[in-house]
Structure formats: C-alpha cells, structure tokens
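Structure file run_14.cif (mmCIF, C-alpha atoms) follows.
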```cif
data_entry
#
loop_
_atom_site.label_atom_id
_atom_site.label_comp_id
_atom_site.auth_asym_id
_atom_site.auth_seq_id
_atom_site.Cartn_x
_atom_site.Cartn_y
_atom_site.Cartn_z
CA MET J 1 -29.70 -0.07 -13.74
CA THR J 2 -28.15 2.08 -11.01
CA LEU J 3 -25.74 0.17 -8.86
CA PRO J 4 -25.91 0.89 -5.13
CA SER J 5 -23.12 2.85 -3.46
CA TRP J 6 -21.71 1.51 -0.24
CA ILE J 7 -20.38 2.89 3.02
CA GLU J 8 -17.32 1.10 4.33
CA VAL J 9 -16.94 1.15 8.11
CA ARG J 10 -13.16 1.01 8.38
CA ALA J 11 -11.95 0.20 11.88
CA LEU J 12 -8.32 -0.07 12.93
CA VAL J 13 -8.13 -2.23 16.04
CA PRO J 14 -5.62 -4.36 17.96
CA GLN J 15 -5.03 -7.43 15.80
CA ALA J 16 -6.01 -9.93 18.47
CA TRP J 17 -9.37 -8.18 18.89
CA SER J 18 -10.25 -7.99 15.20
CA GLU J 19 -12.73 -10.87 15.31
CA THR J 20 -14.46 -9.38 18.35
CA ALA J 21 -14.54 -6.02 16.59
CA ALA J 22 -16.30 -7.63 13.63
CA LEU J 23 -18.77 -9.22 16.02
CA VAL J 24 -19.54 -6.02 17.95
CA LEU J 25 -19.78 -3.73 14.91
CA GLY J 26 -21.68 -6.51 13.12
CA GLU J 27 -24.56 -5.96 15.52
CA VAL J 28 -25.34 -2.86 13.44
CA VAL J 29 -23.63 -3.68 10.12
CA SER J 30 -24.44 -7.27 9.20
CA GLY J 31 -23.43 -9.24 6.11
CA GLY J 32 -19.84 -10.17 6.91
CA ALA J 33 -16.49 -8.45 7.25
CA ALA J 34 -13.12 -8.13 5.55
CA PHE J 35 -9.81 -8.01 7.37
CA GLY J 36 -6.50 -6.54 6.30
CA ARG J 37 -5.54 -3.45 4.34
CA PRO J 38 -8.31 -1.98 2.21
CA SER J 39 -6.56 -2.13 -1.15
CA LEU J 40 -3.31 -3.11 -2.79
CA GLY J 41 -2.29 0.55 -2.85
CA SER J 42 -3.00 1.36 0.78
CA LYS J 43 -0.43 1.17 3.57
CA PRO J 44 -0.41 -1.92 5.77
CA ALA J 45 -1.85 -1.47 9.26
CA PRO J 46 0.67 -0.35 11.90
CA SER J 47 2.35 -3.16 13.80
CA GLY J 48 -0.02 -4.94 16.21
CA LEU J 49 -3.14 -3.45 14.59
CA ASP J 50 -5.42 -4.71 11.82
CA TYR J 51 -8.17 -3.27 9.67
CA VAL J 52 -11.68 -4.61 10.12
CA ARG J 53 -14.04 -3.48 7.37
CA LEU J 54 -17.80 -3.81 7.29
CA PHE J 55 -20.16 -2.48 4.66
CA PHE J 56 -23.71 -1.21 4.33
CA GLN J 57 -25.56 0.39 1.45
CA GLU J 58 -25.43 4.18 1.34
CA SER J 59 -29.22 4.28 1.09
CA GLN J 60 -29.34 2.93 4.65
CA ASP J 61 -26.97 5.55 6.02
CA SER J 62 -28.38 7.92 8.63
CA PRO J 63 -27.34 9.74 11.81
CA VAL J 64 -29.16 7.03 13.78
CA VAL J 65 -27.11 4.24 12.15
CA ARG J 66 -23.87 6.14 12.72
CA ALA J 67 -24.80 6.74 16.37
CA GLN J 68 -25.44 3.00 16.80
CA ILE J 69 -22.06 2.20 15.23
CA GLN J 70 -20.40 4.77 17.51
CA ALA J 71 -22.05 3.18 20.55
CA CYS J 72 -20.70 -0.23 19.49
CA TRP J 73 -17.27 1.30 18.95
CA THR J 74 -17.26 2.81 22.44
CA ARG J 75 -18.31 -0.53 23.94
CA LEU J 76 -15.56 -2.30 22.00
CA GLY J 77 -13.00 0.16 23.41
CA GLU J 78 -14.18 -0.64 26.93
CA LEU J 79 -13.86 -4.38 26.27
CA VAL J 80 -10.34 -4.03 24.92
CA GLY J 81 -9.17 -1.71 27.69
CA PRO J 82 -7.27 1.59 27.41
CA GLN J 83 -3.81 0.07 27.19
CA ASP J 84 -4.45 -2.06 24.09
CA TRP J 85 -6.88 0.45 22.54
CA GLN J 86 -4.13 2.94 21.69
CA GLY J 87 -3.88 3.63 17.97
CA SER J 88 -7.39 2.36 17.22
CA SER J 89 -9.55 4.45 14.93
CA LEU J 90 -12.86 4.41 13.09
CA GLU J 91 -13.66 6.08 9.79
CA TYR J 92 -16.26 5.92 7.04
CA VAL J 93 -15.38 5.61 3.37
CA ARG J 94 -17.86 5.90 0.49
CA LEU J 95 -17.55 3.31 -2.29
CA ALA J 96 -19.12 4.17 -5.63
CA GLY J 97 -21.51 1.61 -7.09
CA GLU J 98 -19.78 -1.20 -8.94
CA ASP J 99 -20.86 -4.47 -10.51
CA TYR J 100 -18.49 -6.63 -8.55
CA ALA J 101 -19.73 -9.81 -10.27
CA SER J 102 -18.06 -8.74 -13.50
CA SER J 103 -15.74 -5.79 -12.76
CA TRP J 104 -12.92 -8.11 -11.69
CA ARG J 105 -12.64 -9.18 -15.34
CA LYS J 106 -11.48 -5.75 -16.47
CA ASP J 107 -7.86 -6.63 -15.83
CA PHE J 108 -7.97 -9.89 -17.79
CA ARG J 109 -6.45 -9.44 -21.21
CA SER J 110 -6.69 -11.94 -24.00
CA PHE J 111 -3.36 -13.09 -25.34
CA ARG J 112 -1.96 -14.59 -28.52
CA LEU J 113 0.68 -17.25 -28.85
CA GLY J 114 1.35 -18.01 -32.48
CA ARG J 115 -2.00 -18.98 -33.99
CA LEU J 116 -3.55 -19.63 -30.58
CA LEU J 117 -5.76 -16.87 -29.15
CA VAL J 118 -6.81 -17.25 -25.49
CA VAL J 119 -9.81 -15.12 -24.52
CA ALA J 120 -12.37 -14.70 -21.72
CA PRO J 121 -15.98 -15.74 -22.51
CA GLN J 122 -17.29 -12.20 -23.15
CA TRP J 123 -14.44 -11.24 -25.47
CA ASN J 124 -15.71 -10.04 -28.82
CA GLY J 125 -12.57 -8.94 -30.65
CA ARG J 126 -11.50 -10.09 -34.09
CA VAL J 127 -10.15 -13.57 -34.72
CA LYS J 128 -7.62 -13.60 -37.54
CA THR J 129 -7.69 -16.13 -40.37
CA ARG J 130 -6.22 -19.49 -39.30
CA GLU J 131 -6.28 -18.39 -35.66
CA VAL J 132 -7.63 -20.85 -33.09
CA ARG J 133 -9.82 -19.20 -30.43
CA LEU J 134 -9.59 -20.86 -27.03
CA GLU J 135 -12.19 -19.56 -24.58
CA LEU J 136 -11.17 -19.73 -20.93
CA GLU J 137 -13.08 -18.62 -17.82
CA PRO J 138 -10.23 -16.78 -16.09
CA GLY J 139 -9.39 -17.08 -12.43
CA GLY J 140 -10.72 -19.93 -10.40
CA ALA J 141 -8.45 -22.52 -8.95
CA PHE J 142 -6.42 -22.88 -12.12
CA GLY J 143 -5.51 -19.41 -13.25
CA THR J 144 -5.78 -17.46 -16.42
CA GLY J 145 -3.42 -19.35 -18.69
CA ARG J 146 -0.95 -16.48 -18.42
CA HIS J 147 1.43 -18.16 -15.99
CA ALA J 148 4.94 -18.36 -17.41
CA THR J 149 4.92 -22.16 -17.26
CA THR J 150 1.57 -22.46 -19.06
CA ARG J 151 2.69 -20.07 -21.76
CA GLY J 152 5.95 -21.96 -22.08
CA CYS J 153 4.01 -25.20 -22.62
CA LEU J 154 1.60 -23.61 -25.11
CA SER J 155 4.50 -22.22 -27.14
CA ALA J 156 6.14 -25.64 -27.14
CA LEU J 157 2.88 -27.31 -28.13
CA LEU J 158 2.56 -24.98 -31.11
CA ALA J 159 6.09 -25.88 -32.17
CA CYS J 160 5.93 -29.66 -31.60
CA LEU J 161 2.39 -30.87 -32.31
CA ARG J 162 1.55 -32.43 -35.67
CA PRO J 163 -2.04 -33.10 -36.81
CA GLY J 164 -3.49 -36.42 -35.74
CA GLU J 165 -1.11 -37.05 -32.84
CA ARG J 166 -2.07 -38.61 -29.51
CA VAL J 167 -1.11 -36.33 -26.62
CA LEU J 168 -0.71 -36.94 -22.89
CA ASP J 169 -1.11 -34.04 -20.43
CA ALA J 170 0.23 -34.95 -16.97
CA GLY J 171 -1.07 -32.70 -14.17
CA THR J 172 -3.60 -30.96 -16.35
CA GLY J 173 -5.09 -28.49 -13.83
CA SER J 174 -7.42 -26.26 -15.86
CA GLY J 175 -7.12 -28.63 -18.82
CA ILE J 176 -5.84 -25.79 -20.98
CA LEU J 177 -2.94 -27.77 -22.48
CA ALA J 178 -5.03 -30.82 -23.37
CA VAL J 179 -7.77 -28.63 -24.83
CA ALA J 180 -5.27 -26.52 -26.78
CA ALA J 181 -3.72 -29.72 -28.16
CA ALA J 182 -7.12 -30.98 -29.33
CA MET J 183 -7.99 -27.62 -30.85
CA LEU J 184 -4.65 -27.40 -32.63
CA GLY J 185 -5.23 -30.71 -34.37
CA ALA J 186 -4.37 -33.58 -32.02
CA HIS J 187 -6.28 -36.80 -32.63
CA SER J 188 -6.90 -37.15 -28.89
CA ALA J 189 -5.66 -35.86 -25.54
CA LEU J 190 -5.56 -37.88 -22.35
CA ALA J 191 -5.11 -35.73 -19.26
CA PHE J 192 -4.93 -36.51 -15.57
CA ASP J 193 -4.65 -34.60 -12.32
CA ASN J 194 -4.72 -35.76 -8.72
CA ASP J 195 -6.78 -32.70 -7.71
CA PRO J 196 -10.43 -33.77 -7.92
CA HIS J 197 -11.48 -30.12 -8.26
CA ALA J 198 -9.58 -29.90 -11.54
CA LEU J 199 -11.69 -32.36 -13.50
CA PRO J 200 -15.04 -30.55 -13.69
CA TYR J 201 -13.18 -27.37 -14.62
CA ALA J 202 -11.17 -29.12 -17.34
CA GLU J 203 -14.22 -30.95 -18.71
CA ASP J 204 -16.13 -27.66 -18.84
CA LEU J 205 -13.23 -26.07 -20.70
CA ALA J 206 -13.24 -28.86 -23.30
CA GLN J 207 -17.03 -28.64 -23.63
CA ARG J 208 -16.94 -24.86 -23.94
CA ASN J 209 -14.41 -25.15 -26.76
CA GLY J 210 -16.16 -27.93 -28.62
CA CYS J 211 -13.51 -30.60 -28.27
CA ALA J 212 -14.84 -32.71 -25.38
CA SER J 213 -15.11 -35.80 -27.62
CA ARG J 214 -11.34 -35.77 -28.16
CA CYS J 215 -10.30 -35.03 -24.58
CA GLN J 216 -10.37 -37.51 -21.74
CA PHE J 217 -9.77 -36.29 -18.19
CA LEU J 218 -8.94 -38.70 -15.40
CA CYS J 219 -8.63 -38.10 -11.66
CA GLY J 220 -5.40 -39.57 -10.33
CA GLY J 221 -1.63 -39.51 -10.47
CA PHE J 222 0.82 -41.37 -12.70
CA GLU J 223 -0.82 -44.69 -11.78
CA VAL J 224 -3.49 -43.92 -14.41
CA LEU J 225 -0.85 -44.73 -17.05
CA THR J 226 -0.77 -48.39 -15.99
CA ALA J 227 -4.02 -48.82 -17.93
CA HIS J 228 -2.25 -47.77 -21.11
CA ALA J 229 0.28 -49.74 -23.10
CA PRO J 230 3.81 -48.27 -23.27
CA ALA J 231 4.43 -45.96 -26.21
CA SER J 232 0.77 -44.94 -26.42
CA PHE J 233 1.45 -41.26 -27.04
CA ASP J 234 3.16 -39.21 -29.74
CA GLY J 235 3.66 -36.24 -27.42
CA VAL J 236 3.73 -35.61 -23.68
CA LEU J 237 3.13 -32.38 -21.78
CA ALA J 238 3.99 -32.22 -18.08
CA ASN J 239 3.58 -28.86 -16.38
CA LEU J 240 4.34 -29.96 -12.84
CA TYR J 241 6.98 -29.35 -10.16
CA ALA J 242 10.65 -30.17 -10.63
CA ASP J 243 10.56 -32.83 -7.91
CA VAL J 244 7.57 -34.56 -9.51
CA LEU J 245 9.25 -34.47 -12.91
CA VAL J 246 12.39 -36.03 -11.47
CA GLN J 247 10.38 -38.75 -9.77
CA HIS J 248 8.25 -39.61 -12.81
CA ALA J 249 10.55 -38.97 -15.76
CA ALA J 250 10.73 -42.72 -16.45
CA ALA J 251 6.91 -43.04 -16.51
CA LEU J 252 6.65 -40.15 -18.94
CA SER J 253 9.30 -41.71 -21.15
CA ARG J 254 7.55 -45.09 -21.08
CA ALA J 255 4.31 -43.47 -22.26
CA LEU J 256 6.02 -41.93 -25.30
CA ILE J 257 6.74 -43.55 -28.65
CA PRO J 258 10.43 -43.57 -29.64
CA GLY J 259 11.12 -40.21 -31.28
CA GLY J 260 8.03 -38.72 -29.65
CA TRP J 261 8.20 -35.16 -28.35
CA PHE J 262 7.95 -34.01 -24.76
CA VAL J 263 7.56 -30.73 -22.89
CA LEU J 264 8.55 -30.52 -19.22
CA SER J 265 7.69 -27.35 -17.32
CA GLY J 266 7.01 -25.92 -13.85
CA ILE J 267 10.75 -26.01 -13.19
CA ALA J 268 11.83 -23.21 -10.87
CA SER J 269 15.29 -21.70 -11.29
CA GLY J 270 17.91 -23.75 -9.53
CA ARG J 271 16.11 -27.06 -10.19
CA GLN J 272 16.89 -27.29 -13.89
CA LEU J 273 19.96 -29.53 -13.61
CA ALA J 274 18.16 -32.15 -11.53
CA VAL J 275 15.36 -32.40 -14.12
CA LEU J 276 17.84 -32.51 -17.01
CA ALA J 277 19.69 -35.40 -15.35
CA ALA J 278 16.48 -37.34 -14.66
CA ALA J 279 15.26 -36.79 -18.22
CA ARG J 280 18.54 -38.00 -19.68
CA GLN J 281 18.52 -41.11 -17.53
CA ALA J 282 14.94 -41.85 -18.65
CA GLY J 283 15.92 -41.64 -22.34
CA LEU J 284 14.46 -38.20 -22.86
CA ASP J 285 16.81 -36.12 -24.98
CA VAL J 286 16.40 -32.42 -24.14
CA LYS J 287 16.87 -30.40 -27.32
CA SER J 288 16.15 -26.89 -26.05
CA VAL J 289 15.75 -24.96 -22.81
CA HIS J 290 13.37 -21.99 -22.65
CA GLU J 291 13.27 -19.56 -19.74
CA ARG J 292 10.50 -17.15 -18.79
CA GLY J 293 11.19 -15.20 -15.63
CA ARG J 294 12.32 -17.70 -13.04
CA TRP J 295 10.63 -20.62 -14.80
CA THR J 296 12.15 -23.08 -17.24
CA THR J 297 10.53 -25.24 -19.92
CA LEU J 298 12.40 -28.13 -21.51
CA ARG J 299 11.59 -29.50 -24.95
CA GLY J 300 12.98 -32.58 -26.60
CA ARG J 301 12.42 -36.04 -28.06
CA LYS J 302 12.55 -39.55 -26.70
CA THR J 303 15.64 -41.37 -27.93
CA PHE J 304 15.33 -44.40 -30.19
CA PRO J 305 16.43 -47.68 -28.65
CA THR J 306 19.97 -48.68 -29.58
CA PRO J 307 19.93 -51.66 -32.01
CA GLY J 308 20.40 -54.88 -30.08
CA SER J 309 19.49 -53.35 -26.73
CA MET L 1 1.82 -26.37 -11.98
CA ALA L 2 3.97 -24.38 -9.62
CA LYS L 3 2.18 -21.45 -7.96
CA GLU L 4 3.34 -18.25 -6.34
CA ALA L 5 1.08 -16.78 -3.65
CA VAL L 6 0.78 -13.00 -3.82
CA ALA L 7 -1.89 -12.27 -1.20
CA LYS L 8 -3.85 -13.74 1.66
CA ILE L 9 -7.30 -12.28 2.22
CA LYS L 10 -9.36 -12.86 5.34
CA LEU L 11 -13.13 -12.52 5.26
CA GLN L 12 -16.15 -13.46 7.32
CA CYS L 13 -19.12 -14.37 5.15
CA PRO L 14 -22.60 -15.70 5.86
CA ALA L 15 -22.62 -19.46 5.25
CA GLY L 16 -24.27 -20.39 1.97
CA GLN L 17 -25.19 -16.77 1.29
CA ALA L 18 -22.06 -14.97 0.14
CA THR L 19 -22.60 -12.61 -2.80
CA PRO L 20 -20.25 -10.59 -5.04
CA ALA L 21 -21.31 -7.48 -3.07
CA PRO L 22 -19.11 -6.18 -0.21
CA PRO L 23 -17.24 -7.48 1.68
CA VAL L 24 -16.36 -10.07 -1.01
CA GLY L 25 -16.29 -7.80 -4.08
CA PRO L 26 -13.92 -5.04 -2.92
CA ALA L 27 -11.65 -7.53 -1.12
CA LEU L 28 -11.18 -9.93 -4.05
CA GLY L 29 -11.82 -7.65 -7.02
CA SER L 30 -8.62 -5.65 -6.56
CA HIS L 31 -6.67 -8.90 -6.94
CA GLY L 32 -8.45 -9.86 -10.18
CA VAL L 33 -9.95 -12.96 -8.59
CA ASN L 34 -12.97 -14.62 -10.24
CA ILE L 35 -15.50 -13.44 -7.67
CA GLY L 36 -18.44 -15.44 -9.02
CA LEU L 37 -16.48 -18.65 -8.78
CA PHE L 38 -15.37 -17.94 -5.20
CA VAL L 39 -18.94 -17.15 -4.17
CA LYS L 40 -20.21 -20.38 -5.73
CA GLN L 41 -17.53 -22.56 -4.15
CA PHE L 42 -17.84 -20.91 -0.73
CA ASN L 43 -21.63 -21.27 -0.74
CA ASP L 44 -21.40 -24.90 -1.86
CA GLN L 45 -19.04 -25.72 0.99
CA THR L 46 -20.94 -23.85 3.71
CA ARG L 47 -24.57 -24.40 2.72
CA ASP L 48 -25.10 -26.89 5.55
CA ARG L 49 -24.12 -24.24 8.13
CA ALA L 50 -26.78 -21.69 7.18
CA GLY L 51 -27.19 -18.91 9.72
CA LEU L 52 -23.54 -18.88 10.78
CA ILE L 53 -20.83 -16.41 9.85
CA ILE L 54 -17.84 -18.39 8.57
CA PRO L 55 -14.27 -17.02 8.59
CA VAL L 56 -12.47 -17.85 5.37
CA GLU L 57 -8.87 -17.28 4.29
CA ILE L 58 -8.29 -16.93 0.56
CA THR L 59 -4.86 -17.33 -1.01
CA VAL L 60 -4.43 -15.50 -4.31
CA TYR L 61 -1.67 -16.62 -6.66
CA LYS L 62 0.31 -14.65 -9.20
CA ASP L 63 -1.76 -16.01 -12.10
CA ARG L 64 -4.91 -14.80 -10.27
CA SER L 65 -5.99 -18.29 -9.41
CA PHE L 66 -7.07 -18.80 -5.81
CA ASP L 67 -7.93 -21.36 -3.21
CA PHE L 68 -9.41 -20.96 0.23
CA ILE L 69 -9.73 -22.63 3.60
CA LEU L 70 -12.56 -22.27 6.06
CA ARG L 71 -11.33 -21.31 9.54
CA SER L 72 -12.73 -22.20 12.94
CA PRO L 73 -16.07 -20.55 13.73
CA PRO L 74 -15.97 -17.11 15.40
CA ALA L 75 -15.55 -17.17 19.18
CA ALA L 76 -19.11 -15.90 19.65
CA VAL L 77 -20.47 -18.98 17.89
CA LEU L 78 -18.39 -21.29 20.10
CA LEU L 79 -19.49 -19.36 23.20
CA LYS L 80 -23.18 -19.63 22.30
CA LYS L 81 -22.71 -23.36 21.73
CA ALA L 82 -20.93 -23.75 25.10
CA ALA L 83 -23.67 -21.73 26.84
CA GLY L 84 -26.35 -23.78 25.14
CA ILE L 85 -28.13 -20.74 23.74
CA ALA L 86 -29.26 -19.96 20.21
CA THR L 87 -28.89 -16.18 20.21
CA ALA L 88 -26.76 -13.59 21.98
CA ALA L 89 -28.26 -10.87 24.20
CA HIS L 90 -29.96 -8.06 22.32
CA THR L 91 -28.81 -5.54 24.94
CA PRO L 92 -25.50 -6.83 26.30
CA GLY L 93 -24.66 -5.24 29.64
CA THR L 94 -28.21 -5.28 30.91
CA GLU L 95 -29.45 -8.62 29.58
CA VAL L 96 -27.87 -11.98 30.42
CA ALA L 97 -28.36 -14.50 27.64
CA GLY L 98 -26.50 -17.38 29.29
CA SER L 99 -23.29 -18.36 31.00
CA VAL L 100 -20.08 -20.34 30.49
CA THR L 101 -17.37 -21.49 32.89
CA ARG L 102 -13.78 -20.29 32.89
CA LYS L 103 -12.74 -23.78 31.85
CA GLN L 104 -15.01 -23.51 28.78
CA VAL L 105 -13.49 -20.10 28.00
CA GLU L 106 -10.04 -21.65 28.19
CA GLU L 107 -11.08 -24.49 25.85
CA ILE L 108 -12.43 -21.98 23.33
CA ALA L 109 -9.28 -19.86 23.67
CA LYS L 110 -7.18 -22.93 22.86
CA THR L 111 -9.37 -23.71 19.82
CA LYS L 112 -9.06 -20.14 18.57
CA MET L 113 -5.42 -19.60 19.55
CA ALA L 114 -4.07 -19.86 16.00
CA ASP L 115 -6.67 -17.49 14.58
CA LEU L 116 -6.55 -14.93 17.38
CA ASN L 117 -2.86 -14.13 17.09
CA ALA L 118 -2.86 -13.60 20.86
CA ARG L 119 0.33 -13.17 22.90
CA ASP L 120 -0.39 -16.20 25.11
CA LEU L 121 -3.27 -18.26 26.48
CA ASP L 122 -4.11 -15.68 29.17
CA HIS L 123 -4.39 -12.98 26.51
CA ALA L 124 -6.55 -15.28 24.37
CA CYS L 125 -8.81 -16.02 27.37
CA ARG L 126 -9.21 -12.29 28.02
CA ILE L 127 -10.28 -11.79 24.39
CA ILE L 128 -12.78 -14.66 24.59
CA GLU L 129 -14.14 -13.23 27.87
CA GLY L 130 -14.51 -9.87 26.13
CA THR L 131 -16.41 -11.53 23.31
CA ALA L 132 -18.61 -13.27 25.90
CA ARG L 133 -19.41 -9.95 27.61
CA SER L 134 -20.19 -8.36 24.24
CA ALA L 135 -22.71 -11.17 23.60
CA GLY L 136 -24.28 -10.94 27.07
CA ILE L 137 -22.79 -14.26 28.20
CA GLN L 138 -21.55 -14.36 31.79
CA VAL L 139 -18.29 -16.06 32.68
CA LYS L 140 -18.54 -17.97 35.95
CA ASN L 141 -15.78 -19.56 38.03
#
```
Mind turning this structure into structure tokens?
Amino acid sequence: MTLPSWIEVRALVPQAWSETAALVLGEVVSGGAAFGRPSLGSKPAPSGLDYVRLFFQESQDSPVVRAQIQACWTRLGELVGPQDWQGSSLEYVRLAGEDYASSWRKDFRSFRLGRLLVVAPQWNGRVKTREVRLELEPGGAFGTGRHATTRGCLSALLACLRPGERVLDAGTGSGILAVAAAMLGAHSALAFDNDPHALPYAEDLAQRNGCASRCQFLCGGFEVLTAHAPASFDGVLANLYADVLVQHAAALSRALIPGGWFVLSGIASGRQLAVLAAARQAGLDVKSVHERGRWTTLRGRKTFPTPGS
Amino acid sequence: MAKEAVAKIKLQCPAGQATPAPPVGPALGSHGVNIGLFVKQFNDQTRDRAGLIIPVEITVYKDRSFDFILRSPPAAVLLKKAAGIATAAHTPGTEVAGSVTRKQVEEIAKTKMADLNARDLDHACRIIEGTARSAGIQVKN
C-alpha cells in the first residue's frame, strides 16, 4: 500500500495571533493544526513568533489551492497589522508518506534486566532459555518501563523475590512491577494507584502477560491497606515520590512481615537522607543504595521486633 | 513514579475524529509518543463535542509517557456562540454572518487570555476582534 505524502503549510506568525492564523488558514486546509517548532532538530521560533503548521495531502495540491492559501495569508496580514506582522513568513514543506500509527515505535528498544526481557507487542526476537518475556505496550500515560526508577525497581525485584511470595506494589502506574513480580514467581501481587487511568492499563498488562489471576489492582491510596491485616506481604515495592515515601513509610512497614524485603524508589537526588531517616524510624533497615542518573533506589529488610518489645 | 517533562506540544484536532495522520503524527511521532493511544484517549474525551476543533496541550515525559489537557475552545467558536450563529461567513469581508458587542469581545478575551499569550487585555481584545472580522462577525459598540 502506498502511503500518501503530505504538504505542510508552515507559517511563522506573531505568537498571540497563532490561533487566528490556524483559523484563517484552516478555511482552506482543514483537519487541525500543530503549533511550535516543526521537529526536535529545528530551531525554535524567533522571540515573539510561533510556528503554525497545517497539512493537506499532496494529491490535493494545485496552483488553485496555493492561491487560496496565499489569499488567506494576505488577509491574515491585514488583520494583524503591519507593525506586528514583521518577521512573519509562509512556506511549504513536503513530507514523505509515513505510517504514523506505527512509525513512532521505531525508537522503542526492548531491554533485558537479568532474566527479565521487556519487549513491545510486535517484537519477534529470540527469547533465551529461562528468560521471562514481559510484553508492554510502550508509551501511554505510564511510559516504556525504561525510566531509571522502574529499572531500579525491576533490578531489585530480580534480586529480592523468592518463588511463592506475596508482593505489594504501592503506586503501580502501568502495573509493570506487579506483573513482573507475578511472572518471576510471586504467589500473588496486590497493587494500588490513586490514578483511575492506571487501572485499566495495568489490568490489560497483566492479561496480556497471562498473569491476571495472580495480580489484583485497586484504585486508591494507602487507605486500601486497611482492608489487609498487618504483615500480609513478604515483599513491598514502592516507586513513588520521596515525600510520599516519607509520609507512608510506617504503612509500608506495617504491611511487611518481619524480615520481609522492600524496595523504595522515585527518590530524586537530594531527597535520599529524608527517606532514609523515615525508613529507619519505621523499622525498615536499608541494606543498599543504588543510583541511576539522578534517581535513587533503596533496598532492605524490615527489622525483627526486639524480644520483649 | 517521578516524571520529567521534556516537551509540551500544542495541537488543534477535530473533536472525536483525531487520527494518526498529520497534524498528530508528525507532532508526536518525533517524541516517540504512542500515537494510537493519544488518538483513542483524545477521541474518547471529545466525542460529545463533534464538529468542533479542540485545542489540546500534550506533555511528553522523558520515558515517552504523556498526558494531555484540553484547552478552552478557539476564539472563533466562542464568537459564534456569542453571536448565536452556527457557521462563520463563507466570504468574510463581504458577508456578515452575525454580530457581537464589545463587552462580549472583552469577555471572550478574558476567557482566552491565558491561551493567547497577549500583552494585555486591550491586545487580547484586538486579537479577538480580528478573529471576529475573519469569521464575518461584526463587532458593535
């Protein structure tokens, strides 16, 4: 199938008039508009100006269409007035045909962490013996699994998790940590997130990877733990913000069995000490600190109660 | 999880009818954003406003995740609503489709102030008046 080529009508106009420019040029070129610089590599618009870009298929291009666009452009200049119109320009750029519905995927690369292999749905590479293949629809509201904090948690999960354990994932987002735990051998994973958009995505991820029966996703914050007895989990993952970790360290500790493992992440540089102090006070003994870029992941175990306490 | 924004992208798309084709594809594709997912979510949220062009601002994060907010309708839509007309003039300049008062222009300018990036209210009013003229809507005192 031949994909249609496009003509981009690239107008540089005074910033405050950009919406009007889209309206006026849209009389000829319908279907919406984009604002801002055309690509990551192109120079930003000069100060006070902005790009307005409209598109039509090359097959519809003709001298008549261009004359109509020029007439709209002239009218726009009259509306704006000569003083503000300085620096404005109009040009046409041809865009080769592209399947935009799938071409964005080209930059997504699968990645391996230990025996965990994270891939996009259409990936058809080789899975090594003993490797666990986790299929993730990249992008969306919850990323690609490549964020430093997610990778930090996945690495920790690989190191800490033992088969048959019950895992808690606080602030699950895409659900990747809960699903990875289930796929790596956890008995069950309970995950929660206060973003209602997260749940369908996480449930789809578990379904897609064949572990939905062992993953439970709840919409809500730490209050969801009140329905569970203390020490209900062998391991806890919390990829959140430092402030949230500080505030809820005690709740995370309460959910863990004595000696149970925990992973705290989403800690930006400069916030590490506050989280370490909160963890210590909650009876969470941090054994190791792992840094990726400006993000820190803490691993450790819940302390055993002192005899007689 | 903590997120780092790397880009803000502004688009105007037809409510309920966005597709991966331009303007969406070239604007989001270069950032590695899941275009199909954006299109689905945008259309789901705007389906009840079919026929309108909706401005949308998309924030792209370092991990290529995104979220978006729908902005106030374009000034032309607000002007048509204030004038009580369904469509703008086909030949602005010669055809008068309707009229609005200066007070209505000022109200619309205030509504759109944040989006217009205008110097002040007078500048915003002048832009709204320009939009009115371009749609064949007269501004009366």
Computed interatomic separation between atom CA of Ser42 of chain J and atom CA of Leu90 of chain J (Å):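 Going from atom CA of Ser42 of chain J over to atom CA of Leu90 of chain J, I get 16.1 Å.
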Selection dump of the PyMOL selection byres ((chain J and resi 195) around 9), as a PyMOL selection string: chain J and resi 171+173+192-194+196-199+219-221
Residues matched by the PyMOL selection byres ((chain L) within 7 of (chain J)), written as a ChimeraX atom specification: /L:1-2,10-14,20-23,25,27,29-30,32-37,53,63-67,116-118,127,130-131,134
Leu113 of chain J environment, 12 Å, only C-alpha atoms, sequence neighbours closer than 2 positions dropped, as a list in words: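 Here the answer would be Ser110, Phe111, Arg115, Leu116, Leu117, Val118, Val119, Glu131, Val132, Arg133, Leu134, Gly145, Arg146, Thr150, Arg151, Gly152, Cys153, Leu154, Ser155, Ala156, Leu157, Leu158, Ala159 and Ala180 of chain J.
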Chain and number of each residue from the PyMOL selection byres ((chain L and resi 17) around 10), as a ChimeraX atom specification: /J:31 /L:13-16,18-19,39-40,42-44,46-47,50-53
Minimum-distance residue to Gly98 of chain L, chosen among L:Phe68, L:Val77, L:Ile128, L:Ala135 (using only C-alpha atoms):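 Closest to Gly98 of chain L of all the choices is L:Ala135.
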Interatomic distance (Å, one decimal) between atom CA of Gly283 of chain J and atom CA of Ala229 of chain J: 17.6 Å
Contacts of Arg102 of chain L within 12 Å, only C-alpha atoms, excl. fewer than 4 positions in-chain, as number ranges by chain: L: 79, 82-83, 106-109, 122, 125-126, 128-129, 132, 137-141
For atom CA of Arg208 of chain J and atom CA of Glu165 of chain J, the interatomic separation in Å (one decimal):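 Interatomic distance, atom CA of Arg208 of chain J to atom CA of Glu165 of chain J: 21.9 Å.
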L:Thr101, L:Lys112, L:Asp120, L:His31 ranked by distance to Pro55 of chain L, top pick (using all atoms listed in the file): L:Lys112
Residue among L:Val56, L:Leu28, L:Ala7, L:Arg71 lying closest to Ala114 of chain L, counting all atoms listed in the file: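 Closest to Ala114 of chain L of all the choices is L:Arg71.
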